[in-house]
Amino acid sequence: MSGWTTEKGGGTVPFRNPGFAGNTGEFELTEDQVRGLDYVGARPPEGGHPGGVPTYPYMLVEKEPKAPLFDGAHLERYEKIRSRFPDAQGALLPVLNLAQELRGHISPATMREVAGLLGLSEAYVRGVATFYTMYNKRAVGRFLIQVCTNISCNLCGGDEVLAAFLDELGIELGATTDDGMFTVTEVECLAACGTPTAVQINARYFENVTPKSVSQILERLRAEVE
Amino acid sequence: MAFPYTHPSETPVLSRGWGDPATRTIEGWKALGGYEGLRKALGMTREEVIGEVKASGLRGRGGAGFPTGVKWSFMPKEKRGPHYLLCNADESEPGTFKDREILRWTPHQLIEGCLIGAYAMQAEHVYIYCRGEFFEATQVIARAVEEAYAAGYIGEDILGSGVTVDITVFAGAGAYICGEETALMNSLEGRRGLPRVKPPFPAAIGLFGMPTTINNVETLSSIPHIVKHGGEWYRQWGTEKSPGTKLFCVSGHVRRPGNYELPLGFPMKELIHDVCGGMREGRSLKAVIPGGSSVPILSAEECESCTLDYEGVIQAGSMLGCASVIVMDDSTNIVKQVRRMVDFYAHESCGQCTPCREGTQWLARILRRIEEGKGTEEDLETLVSLGHQMTGTTICVLSDSAAAPVESSIMKFRDDYLSLIRRGEKVGVA
Ligand SMILES: Cc1cc2nc3c(=O)[nH]c(=O)nc-3n(C[C@H](O)[C@H](O)[C@H](O)COP(=O)(O)O)c2cc1C
Ligand code: SF4
Ligand code: FES
């Protein structure tokens with residue numbers, strides 16, 4: 001049955017695109033990190049955060065700003081992603097994800113490069129990139145702290161947790177600290193409503209966060225960079 | 001066994017093995033009887049598999065509650081091109097947190113369900129669309145997919161049956177609207193996540209223009225058990241019209257929030273006061289949103305006799321949705337919480353339809369005015385009439401969802417609004 005093709009945009013598209021995004025390096029954590037209990041956060045029934053869990057090495061790749069968007073291992077990843085989809089357009093989101101992982105945000109220049117790589121128009125890529133909230137349109141701090149203030153968290157003090165982060169860091173909502181370390185924003189429901197307040201820091205969830213645990217979390221993040 | 005809390009009333013079918021890291025591996029899943037459903041399905045005809053799902057009466061767990069077997073039978077039997085099965089793991093409805101747990105504790109359960117579904121509907125390819133924020137869950141499911149490929153459960157000639165199915169894990173990039181089925185397809189095609197006008201329905205023209213079926217994570221995860229034990233077996237739980245077990249996500253002001261797997265038709269009162277440990281010290285129940293933020297709010301009296309099945313909740317005046325029970329005690333400022341929900345919809349509206357794009361903003365602005373003590377009683381009438389204009393007039397139901405909590409809360413908690421408005425009047429006089 002593997003001879004099917006799809007007529008699309010004037011070309012024929014093979015239907016079979018074997019493999020999965022999982023082995024293109026988007027999710028490269030060690031076995032320990034994936035399987036270990038610590039990794040998912042053994043959540044103490046009485047609340048409070050267990051601590052001791054690192055954030056992902058997300059957005060931390062040190063790169064020459066002038067280097068091409070993807071090269072070396074990243075170019076390989078790009079090509080793998082591209083092969084998972086029947087057409088170039090389908091690969092746009094995963095490619096933007098990869099670009100953000102390298103650059104920390106998606107600037108107009110990055111959009112242009114992605115458009116060039118995939119053979120899409122710049123305006124099209126811009127339209128898509130600005131639609132999704134996870135693409136940072138401007139540079140953010142090394143740690144992007146997103147506090148859920150949606151209903152379930154809000155009932156249990158989400159607003160207070162957000163205020164505690166802003167207070168502790170002495171910044172306004174959406175701003176970055178002078179040392180470039182922290183940006184704090186509000187976020188919509190993270191699907192962790194049973195362990196309020198949920199806070200996402202880069203790729204990691206912190207659950208059961210209370211205003212009291214805020215300074216402890218910040219300390220840990222600072223220690224991680226040293 | 002649910003996680004992190006459990007209760008003797010639970011009926012762990014889907015949540016068996018949660019909390020045990022071993023369950024995530026293929027060996028761990030097989031130790032719980034995993035992949036037997038797939039083996040059995042491959043020995044049945046496609047019609048028999050769909051028949052079994054129909055017999056179980058399983059209804060979609062993504063919100064609408066449409067019978068899954070019937071939905072599957074809409075897929076064309078004659079193939080003119082590839083068929084697709086999509087797994088909706090874009091869980092972002094405020095109050096809902098069950099799919100994430102399935103993804104990270106029992107990924108193989110979901111994979112098995114996807115494979116059976118793909119076989120029944122002759123789909124060669126399954127995309128699992130995870131919301132972008134789920135880095136961890138996406139990682140776990142991607143690992144499991146890799147493992148299942150290596151073990152011969154996914155790919156060409158599955159278990160020597162001659163059937164070929166591929167599974168791709170896809171990560172979104174942050175947009176609630178991508179949970180809507182046609183928006184999800186657009187997103188997978190690399191577009192903005194804009195819902196499509198229906199018809200054509202996805203079973204005719206879906207992903208990449210091909211026949212497509214989309215199911216929620218919990219729906220697909222129920223399939224292996226149904227196929228393995230038979231549709232009748234599944235009916236030992238629940239009611240005639242809402243059979244089976246369901247994950248209830250309870251959040252808000254209860255002592256033990258969390259996921260509890262219970263038979264459908266479970267009394268709401270018992271869920272809140274017994275299973276979840278009741279209200280906090282010295283507090284009493286004020287309101288409950290029984291199905292995630294998109295459904296009408298219920299007052300404490302309405303909860304008294306409400307049973308948690310699709311029909312029972314409708315009878316009480318709301319909808320079961322995805323069974324995300326948000327509990328509020330008497331310390332809750334209803335106006336503030338409704339305003340926060342509306343802010344969410346205003347933020348997430350994709351902007352295609354005027355009633356939704358403008359309406360959500362107007363609702364939010366008026367509610368904020370009331371919250372700040374600058375509202376008038378006429379504002380309440382304006383809100384209700386706006387809600388009416390936003391209902392049933394748009395491409396998808398996000399617009400209706402935004403209006404539902406506003407209208408119902410004005411009806412049931414008018415005094416909360418009035419006290420804020422009166423306070424405002426006093427401020428105005430002084
Ligand atoms: C605005 C909107 C958001 C939705 N979000 C989700 C979601 O996050 N997860 C989900 O499974 N279904 C969601 N749905 C429902 C899906 O459109 C679809 O009905 C469901 O995935 C079908 O699966 P089921 O038949 O297994 O329930 C949403 C619907 C709408 C209108
Ligand atoms: S109702 Fe709202 S979210 Fe849905 S298609 Fe229209 S504008 Fe978009
Ligand atoms: S409301 Fe905060 S995670 Fe759902």
# chains A, B, ... in the order shown; residues from 1 in each chain; ligands from 1

$ residues_near_ligand --ligand "ligand 2" --cutoff "8 Å" --atoms "only C-alpha atoms and all ligand atoms" --output "ChimeraX atom specification"
/B:177,194-196,348-357,393-400

$ write_last_selection --atoms "all heavy atoms" --output "short mmCIF file (atom, residue, chain, number, x, y, z; two decimals), in the first residue's frame"
data_model
loop_
_atom_site.label_atom_id
_atom_site.label_comp_id
_atom_site.auth_asym_id
_atom_site.auth_seq_id
_atom_site.Cartn_x
_atom_site.Cartn_y
_atom_site.Cartn_z
N ILE B 177 -6.64 27.47 21.02
CA ILE B 177 -7.56 27.19 19.93
C ILE B 177 -7.12 25.97 19.11
O ILE B 177 -7.93 25.31 18.46
CB ILE B 177 -7.74 28.45 19.03
CG1 ILE B 177 -8.92 28.29 18.07
CG2 ILE B 177 -6.49 28.79 18.28
CD1 ILE B 177 -10.25 28.10 18.76
N LEU B 194 -6.31 28.31 12.82
CA LEU B 194 -7.65 28.86 12.63
C LEU B 194 -8.63 27.73 12.38
O LEU B 194 -8.42 26.92 11.48
CB LEU B 194 -7.68 29.81 11.43
CG LEU B 194 -6.65 30.94 11.39
CD1 LEU B 194 -6.80 31.75 10.11
CD2 LEU B 194 -6.81 31.85 12.59
N PRO B 195 -9.72 27.65 13.16
CA PRO B 195 -10.72 26.62 12.89
C PRO B 195 -11.29 26.77 11.47
O PRO B 195 -11.37 27.89 10.95
CB PRO B 195 -11.80 26.90 13.93
CG PRO B 195 -11.08 27.57 15.05
CD PRO B 195 -10.02 28.40 14.38
N ARG B 196 -11.64 25.63 10.86
CA ARG B 196 -12.20 25.65 9.52
C ARG B 196 -13.72 25.63 9.60
O ARG B 196 -14.28 25.11 10.57
CB ARG B 196 -11.74 24.43 8.74
CG ARG B 196 -10.23 24.34 8.58
CD ARG B 196 -9.85 23.01 7.92
NE ARG B 196 -8.39 22.90 7.82
CZ ARG B 196 -7.77 21.78 7.46
NH1 ARG B 196 -8.47 20.69 7.16
NH2 ARG B 196 -6.45 21.75 7.40
N GLU B 348 -7.25 34.07 23.74
CA GLU B 348 -7.13 32.89 22.88
C GLU B 348 -8.00 32.93 21.63
O GLU B 348 -7.86 32.08 20.76
CB GLU B 348 -7.45 31.63 23.68
CG GLU B 348 -6.55 31.39 24.89
CD GLU B 348 -5.09 31.16 24.53
OE1 GLU B 348 -4.82 30.79 23.38
OE2 GLU B 348 -4.22 31.39 25.39
N SER B 349 -8.91 33.89 21.52
CA SER B 349 -9.74 33.97 20.32
C SER B 349 -8.84 34.10 19.10
O SER B 349 -7.89 34.87 19.11
CB SER B 349 -10.65 35.19 20.40
OG SER B 349 -11.21 35.44 19.12
N CYS B 350 -9.13 33.33 18.06
CA CYS B 350 -8.24 33.36 16.90
C CYS B 350 -8.52 34.57 16.03
O CYS B 350 -7.74 34.90 15.14
CB CYS B 350 -8.35 32.08 16.10
SG CYS B 350 -9.76 32.05 14.97
N GLY B 351 -9.66 35.24 16.25
CA GLY B 351 -9.91 36.49 15.56
C GLY B 351 -10.61 36.40 14.21
O GLY B 351 -10.78 37.41 13.54
N GLN B 352 -11.04 35.19 13.83
CA GLN B 352 -11.71 35.08 12.53
C GLN B 352 -13.12 35.66 12.53
O GLN B 352 -13.58 36.18 11.52
CB GLN B 352 -11.84 33.60 12.13
CG GLN B 352 -10.60 32.95 11.64
CD GLN B 352 -10.91 31.57 11.07
OE1 GLN B 352 -10.94 31.38 9.87
NE2 GLN B 352 -11.15 30.62 11.94
N CYS B 353 -13.84 35.48 13.64
CA CYS B 353 -15.26 35.87 13.67
C CYS B 353 -15.44 37.12 14.52
O CYS B 353 -14.94 37.19 15.65
CB CYS B 353 -16.12 34.76 14.27
SG CYS B 353 -15.59 33.11 13.84
N THR B 354 -16.18 38.07 13.99
CA THR B 354 -16.36 39.34 14.70
C THR B 354 -17.02 39.16 16.08
O THR B 354 -16.54 39.74 17.05
CB THR B 354 -17.15 40.32 13.82
OG1 THR B 354 -16.53 40.30 12.54
CG2 THR B 354 -17.12 41.71 14.39
N PRO B 355 -18.11 38.39 16.20
CA PRO B 355 -18.75 38.28 17.53
C PRO B 355 -17.77 37.79 18.58
O PRO B 355 -17.84 38.21 19.75
CB PRO B 355 -19.86 37.25 17.31
CG PRO B 355 -20.12 37.25 15.85
CD PRO B 355 -18.81 37.58 15.19
N CYS B 356 -16.85 36.91 18.20
CA CYS B 356 -15.90 36.35 19.16
C CYS B 356 -14.75 37.31 19.41
O CYS B 356 -14.43 37.64 20.54
CB CYS B 356 -15.39 35.01 18.64
SG CYS B 356 -14.09 34.27 19.61
N ARG B 357 -14.15 37.81 18.35
CA ARG B 357 -12.99 38.71 18.48
C ARG B 357 -13.36 39.96 19.27
O ARG B 357 -12.67 40.32 20.22
CB ARG B 357 -12.48 39.09 17.09
CG ARG B 357 -11.26 39.97 17.09
CD ARG B 357 -10.91 40.41 15.67
NE ARG B 357 -11.99 41.18 15.07
CZ ARG B 357 -12.63 40.84 13.94
NH1 ARG B 357 -12.29 39.77 13.27
NH2 ARG B 357 -13.62 41.58 13.47
N THR B 393 -23.15 31.95 16.69
CA THR B 393 -22.98 32.82 15.53
C THR B 393 -21.57 32.74 14.94
O THR B 393 -21.20 33.55 14.11
CB THR B 393 -23.23 34.29 15.93
OG1 THR B 393 -22.45 34.57 17.09
CG2 THR B 393 -24.69 34.53 16.24
N THR B 394 -20.78 31.77 15.40
CA THR B 394 -19.37 31.79 14.99
C THR B 394 -18.93 30.44 14.42
O THR B 394 -19.67 29.47 14.47
CB THR B 394 -18.47 32.13 16.19
OG1 THR B 394 -18.80 31.24 17.26
CG2 THR B 394 -18.66 33.55 16.64
N ILE B 395 -17.69 30.40 13.91
CA ILE B 395 -17.18 29.19 13.27
C ILE B 395 -17.00 28.07 14.28
O ILE B 395 -17.39 26.94 14.06
CB ILE B 395 -15.85 29.49 12.54
CG1 ILE B 395 -16.09 30.51 11.42
CG2 ILE B 395 -15.24 28.19 11.99
CD1 ILE B 395 -14.83 30.93 10.69
N CYS B 396 -16.39 28.37 15.41
CA CYS B 396 -16.23 27.33 16.43
C CYS B 396 -16.93 27.78 17.71
O CYS B 396 -17.48 28.87 17.77
CB CYS B 396 -14.76 27.00 16.67
SG CYS B 396 -13.92 28.09 17.83
N VAL B 397 -16.90 26.93 18.74
CA VAL B 397 -17.68 27.25 19.94
C VAL B 397 -16.89 28.00 21.01
O VAL B 397 -17.36 28.15 22.12
CB VAL B 397 -18.33 25.99 20.55
CG1 VAL B 397 -19.34 25.39 19.60
CG2 VAL B 397 -17.26 24.97 20.92
N LEU B 398 -15.69 28.49 20.67
CA LEU B 398 -14.95 29.25 21.67
C LEU B 398 -15.77 30.47 22.12
O LEU B 398 -15.79 30.81 23.29
CB LEU B 398 -13.60 29.71 21.12
CG LEU B 398 -12.69 30.43 22.13
CD1 LEU B 398 -11.26 29.98 21.96
CD2 LEU B 398 -12.77 31.93 22.03
N SER B 399 -16.45 31.06 21.18
CA SER B 399 -17.26 32.23 21.46
C SER B 399 -18.38 31.89 22.45
O SER B 399 -18.60 32.60 23.44
CB SER B 399 -17.82 32.74 20.14
OG SER B 399 -18.55 33.89 20.32
N ASP B 400 -19.06 30.78 22.22
CA ASP B 400 -20.12 30.33 23.13
C ASP B 400 -19.55 30.06 24.51
O ASP B 400 -20.17 30.35 25.53
CB ASP B 400 -20.78 29.04 22.62
CG ASP B 400 -21.19 29.13 21.16
OD1 ASP B 400 -20.37 29.57 20.34
OD2 ASP B 400 -22.33 28.73 20.85
#

$ interface_residues --of "chain B" --to "chain A" --cutoff "7 Å" --atoms "only C-alpha atoms" --output "JSON, numbers by chain"
{"B": [4, 21, 81, 82, 91, 92, 94, 95, 96, 97, 135, 139, 140, 142, 143, 166, 167, 168, 169, 170, 173, 174, 175, 188, 189, 190, 191, 192, 250, 251, 252, 257, 258, 326, 337, 340, 341, 344]}

$ residues_near_ligand --ligand "ligand 1" --cutoff "9 Å" --atoms "only C-alpha atoms and all ligand atoms" --output "ChimeraX atom specification"
/B:59-68,71,86-93,96,99,131,176-184,195,213-220,294,322,345,348-349,396-399,401

$ write_last_selection --atoms "C-alpha atoms" --output "mmCIF file, in the first residue's frame"
data_model
loop_
_atom_site.group_PDB
_atom_site.id
_atom_site.type_symbol
_atom_site.label_atom_id
_atom_site.label_comp_id
_atom_site.auth_asym_id
_atom_site.auth_seq_id
_atom_site.Cartn_x
_atom_site.Cartn_y
_atom_site.Cartn_z
ATOM 1 C CA ARG B 59 -18.143 8.754 24.312
ATOM 2 C CA GLY B 60 -15.440 11.233 23.318
ATOM 3 C CA ARG B 61 -13.575 12.575 26.337
ATOM 4 C CA GLY B 62 -12.400 15.766 24.625
ATOM 5 C CA GLY B 63 -15.480 17.738 25.595
ATOM 6 C CA ALA B 64 -18.352 17.068 23.217
ATOM 7 C CA GLY B 65 -19.080 13.486 24.307
ATOM 8 C CA PHE B 66 -19.785 12.185 20.814
ATOM 9 C CA PRO B 67 -19.922 8.353 20.590
ATOM 10 C CA THR B 68 -16.485 7.233 19.446
ATOM 11 C CA LYS B 71 -17.411 8.735 14.748
ATOM 12 C CA LEU B 86 -4.990 12.490 15.084
ATOM 13 C CA CYS B 87 -4.591 12.302 18.800
ATOM 14 C CA ASN B 88 -5.561 15.530 20.481
ATOM 15 C CA ALA B 89 -3.074 16.093 23.301
ATOM 16 C CA ASP B 90 -3.408 19.865 23.237
ATOM 17 C CA GLU B 91 -5.036 19.843 26.666
ATOM 18 C CA SER B 92 -5.452 23.514 27.594
ATOM 19 C CA GLU B 93 -9.003 23.893 28.860
ATOM 20 C CA THR B 96 -8.246 20.099 32.893
ATOM 21 C CA ASP B 99 -4.181 14.026 29.448
ATOM 22 C CA ARG B 131 0.650 21.173 23.449
ATOM 23 C CA TYR B 176 -5.600 27.024 23.156
ATOM 24 C CA ILE B 177 -7.562 27.189 19.928
ATOM 25 C CA CYS B 178 -5.382 24.459 18.404
ATOM 26 C CA GLY B 179 -7.355 22.016 20.566
ATOM 27 C CA GLU B 180 -10.316 22.599 18.258
ATOM 28 C CA GLU B 181 -10.126 19.766 15.771
ATOM 29 C CA THR B 182 -9.858 21.678 12.508
ATOM 30 C CA ALA B 183 -7.550 24.305 14.020
ATOM 31 C CA LEU B 184 -5.321 21.450 15.105
ATOM 32 C CA PRO B 195 -10.722 26.622 12.888
ATOM 33 C CA THR B 213 -10.484 11.334 12.581
ATOM 34 C CA ILE B 214 -9.473 13.138 15.709
ATOM 35 C CA ASN B 215 -9.772 11.806 19.232
ATOM 36 C CA ASN B 216 -8.802 12.923 22.667
ATOM 37 C CA VAL B 217 -5.973 11.237 24.609
ATOM 38 C CA GLU B 218 -8.335 9.762 27.197
ATOM 39 C CA THR B 219 -10.701 8.435 24.523
ATOM 40 C CA LEU B 220 -7.908 6.612 22.703
ATOM 41 C CA SER B 294 -16.233 26.575 28.956
ATOM 42 C CA CYS B 322 -14.047 17.085 29.995
ATOM 43 C CA TYR B 345 -10.936 33.651 25.925
ATOM 44 C CA GLU B 348 -7.130 32.893 22.882
ATOM 45 C CA SER B 349 -9.739 33.969 20.319
ATOM 46 C CA CYS B 396 -16.234 27.330 16.429
ATOM 47 C CA VAL B 397 -17.682 27.248 19.936
ATOM 48 C CA LEU B 398 -14.955 29.251 21.670
ATOM 49 C CA SER B 399 -17.258 32.230 21.465
ATOM 50 C CA SER B 401 -17.695 29.116 25.778
#

$ select_by_dssp --residues "segment 18-242 of chain B" --states "strand (DSSP E or B)" --output "ChimeraX atom specification"
/B:59,67,84-89,125-130,155,165-171,212-216,238

$ write_last_selection --atoms "N, CA and C atoms" --output "short mmCIF file (atom, residue, chain, number, x, y, z; two decimals), in the first residue's frame"
data_model
loop_
_atom_site.label_atom_id
_atom_site.label_comp_id
_atom_site.auth_asym_id
_atom_site.auth_seq_id
_atom_site.Cartn_x
_atom_site.Cartn_y
_atom_site.Cartn_z
N ARG B 59 -17.90 7.42 24.89
CA ARG B 59 -18.14 8.75 24.31
C ARG B 59 -16.89 9.60 24.43
N PRO B 67 -20.29 9.77 20.54
CA PRO B 67 -19.92 8.35 20.59
C PRO B 67 -18.76 8.02 19.65
N TYR B 84 -5.84 9.57 8.00
CA TYR B 84 -5.07 9.99 9.17
C TYR B 84 -5.90 9.85 10.45
N LEU B 85 -5.19 9.49 11.51
CA LEU B 85 -5.79 9.56 12.85
C LEU B 85 -4.98 10.57 13.64
N LEU B 86 -5.69 11.50 14.27
CA LEU B 86 -4.99 12.49 15.08
C LEU B 86 -5.34 12.28 16.54
N CYS B 87 -4.34 12.36 17.37
CA CYS B 87 -4.59 12.30 18.80
C CYS B 87 -4.45 13.71 19.35
N ASN B 88 -5.53 14.17 19.96
CA ASN B 88 -5.56 15.53 20.48
C ASN B 88 -4.99 15.57 21.89
N ALA B 89 -3.73 15.97 21.99
CA ALA B 89 -3.07 16.09 23.30
C ALA B 89 -2.73 17.55 23.54
N HIS B 125 -1.09 6.70 9.20
CA HIS B 125 -0.28 7.61 9.98
C HIS B 125 -1.08 8.24 11.12
N VAL B 126 -0.45 8.27 12.29
CA VAL B 126 -1.06 8.90 13.45
C VAL B 126 -0.17 10.06 13.87
N TYR B 127 -0.76 11.22 14.06
CA TYR B 127 -0.01 12.31 14.67
C TYR B 127 -0.52 12.53 16.09
N ILE B 128 0.39 12.56 17.02
CA ILE B 128 0.01 12.90 18.39
C ILE B 128 0.40 14.35 18.60
N TYR B 129 -0.61 15.22 18.67
CA TYR B 129 -0.36 16.65 18.77
C TYR B 129 -0.35 17.06 20.24
N CYS B 130 0.85 17.26 20.79
CA CYS B 130 0.98 17.66 22.19
C CYS B 130 1.08 19.17 22.29
N GLY B 155 5.24 0.84 12.90
CA GLY B 155 6.06 0.77 11.69
C GLY B 155 5.45 -0.19 10.69
N VAL B 165 1.61 1.14 10.26
CA VAL B 165 1.17 2.39 10.89
C VAL B 165 2.41 3.12 11.41
N ASP B 166 2.49 4.41 11.09
CA ASP B 166 3.56 5.23 11.66
C ASP B 166 2.96 6.20 12.66
N ILE B 167 3.74 6.55 13.67
CA ILE B 167 3.27 7.53 14.64
C ILE B 167 4.30 8.66 14.74
N THR B 168 3.82 9.89 14.63
CA THR B 168 4.69 11.05 14.79
C THR B 168 4.22 11.86 15.98
N VAL B 169 5.14 12.20 16.84
CA VAL B 169 4.82 13.08 17.96
C VAL B 169 5.10 14.51 17.53
N PHE B 170 4.14 15.36 17.71
CA PHE B 170 4.25 16.74 17.24
C PHE B 170 4.05 17.67 18.42
N ALA B 171 4.88 18.69 18.54
CA ALA B 171 4.73 19.66 19.62
C ALA B 171 4.18 20.97 19.06
N THR B 212 -9.87 12.13 7.88
CA THR B 212 -9.16 12.22 9.15
C THR B 212 -10.13 12.07 10.32
N THR B 213 -9.71 11.38 11.35
CA THR B 213 -10.48 11.33 12.58
C THR B 213 -9.61 11.85 13.69
N ILE B 214 -10.23 12.59 14.59
CA ILE B 214 -9.47 13.14 15.71
C ILE B 214 -10.11 12.70 17.01
N ASN B 215 -9.28 12.25 17.93
CA ASN B 215 -9.77 11.81 19.23
C ASN B 215 -8.89 12.33 20.34
N ASN B 216 -9.50 12.47 21.47
CA ASN B 216 -8.80 12.92 22.67
C ASN B 216 -7.90 11.81 23.23
N GLY B 238 -20.81 3.12 35.01
CA GLY B 238 -21.53 4.23 34.39
C GLY B 238 -23.00 3.95 34.20
#

$ residues_around --residues "Ser284 of chain B" --least-positions-apart "2" --cutoff "10 Å" --atoms "only C-alpha atoms" --output "list of chain:residue names"
B:His253, B:Gly278, B:Met279, B:Arg280, B:Glu281, B:Gly282, B:Lys286, B:Ala287, B:Ala300, B:Met328, B:Asp329, B:Asp330, B:Ser331

$ atom_distance --atom1 "atom CA of Asp179 of chain A" --atom2 "atom CA of Ser213 of chain A"
22.0 Å

$ closest_residue --among "A:Ile106, A:Ala223, A:Ala139, A:Phe182" --to "Glu168 of chain A" --atoms "only C-alpha atoms"
A:Phe182

$ atom_distance --atom1 "atom CA of Ser293 of chain B" --atom2 "atom CA of Leu271 of chain B"
18.6 Å

$ residues_around --residues "Leu162 of chain A" --least-positions-apart "2" --cutoff "12 Å" --atoms "only C-alpha atoms" --output "PyMOL selection string"
chain A and resi 145-150+153-154+157-160+164-174+183-187+197-200+209-214

$ atom_distance --atom1 "atom CA of Met210 of chain B" --atom2 "atom CA of Met185 of chain B"
10.7 Å

$ closest_residue --among "A:Glu224, A:Glu113, A:Glu207, A:Asp71" --to "ligand 3" --atoms "only C-alpha atoms and all ligand atoms"
A:Glu207
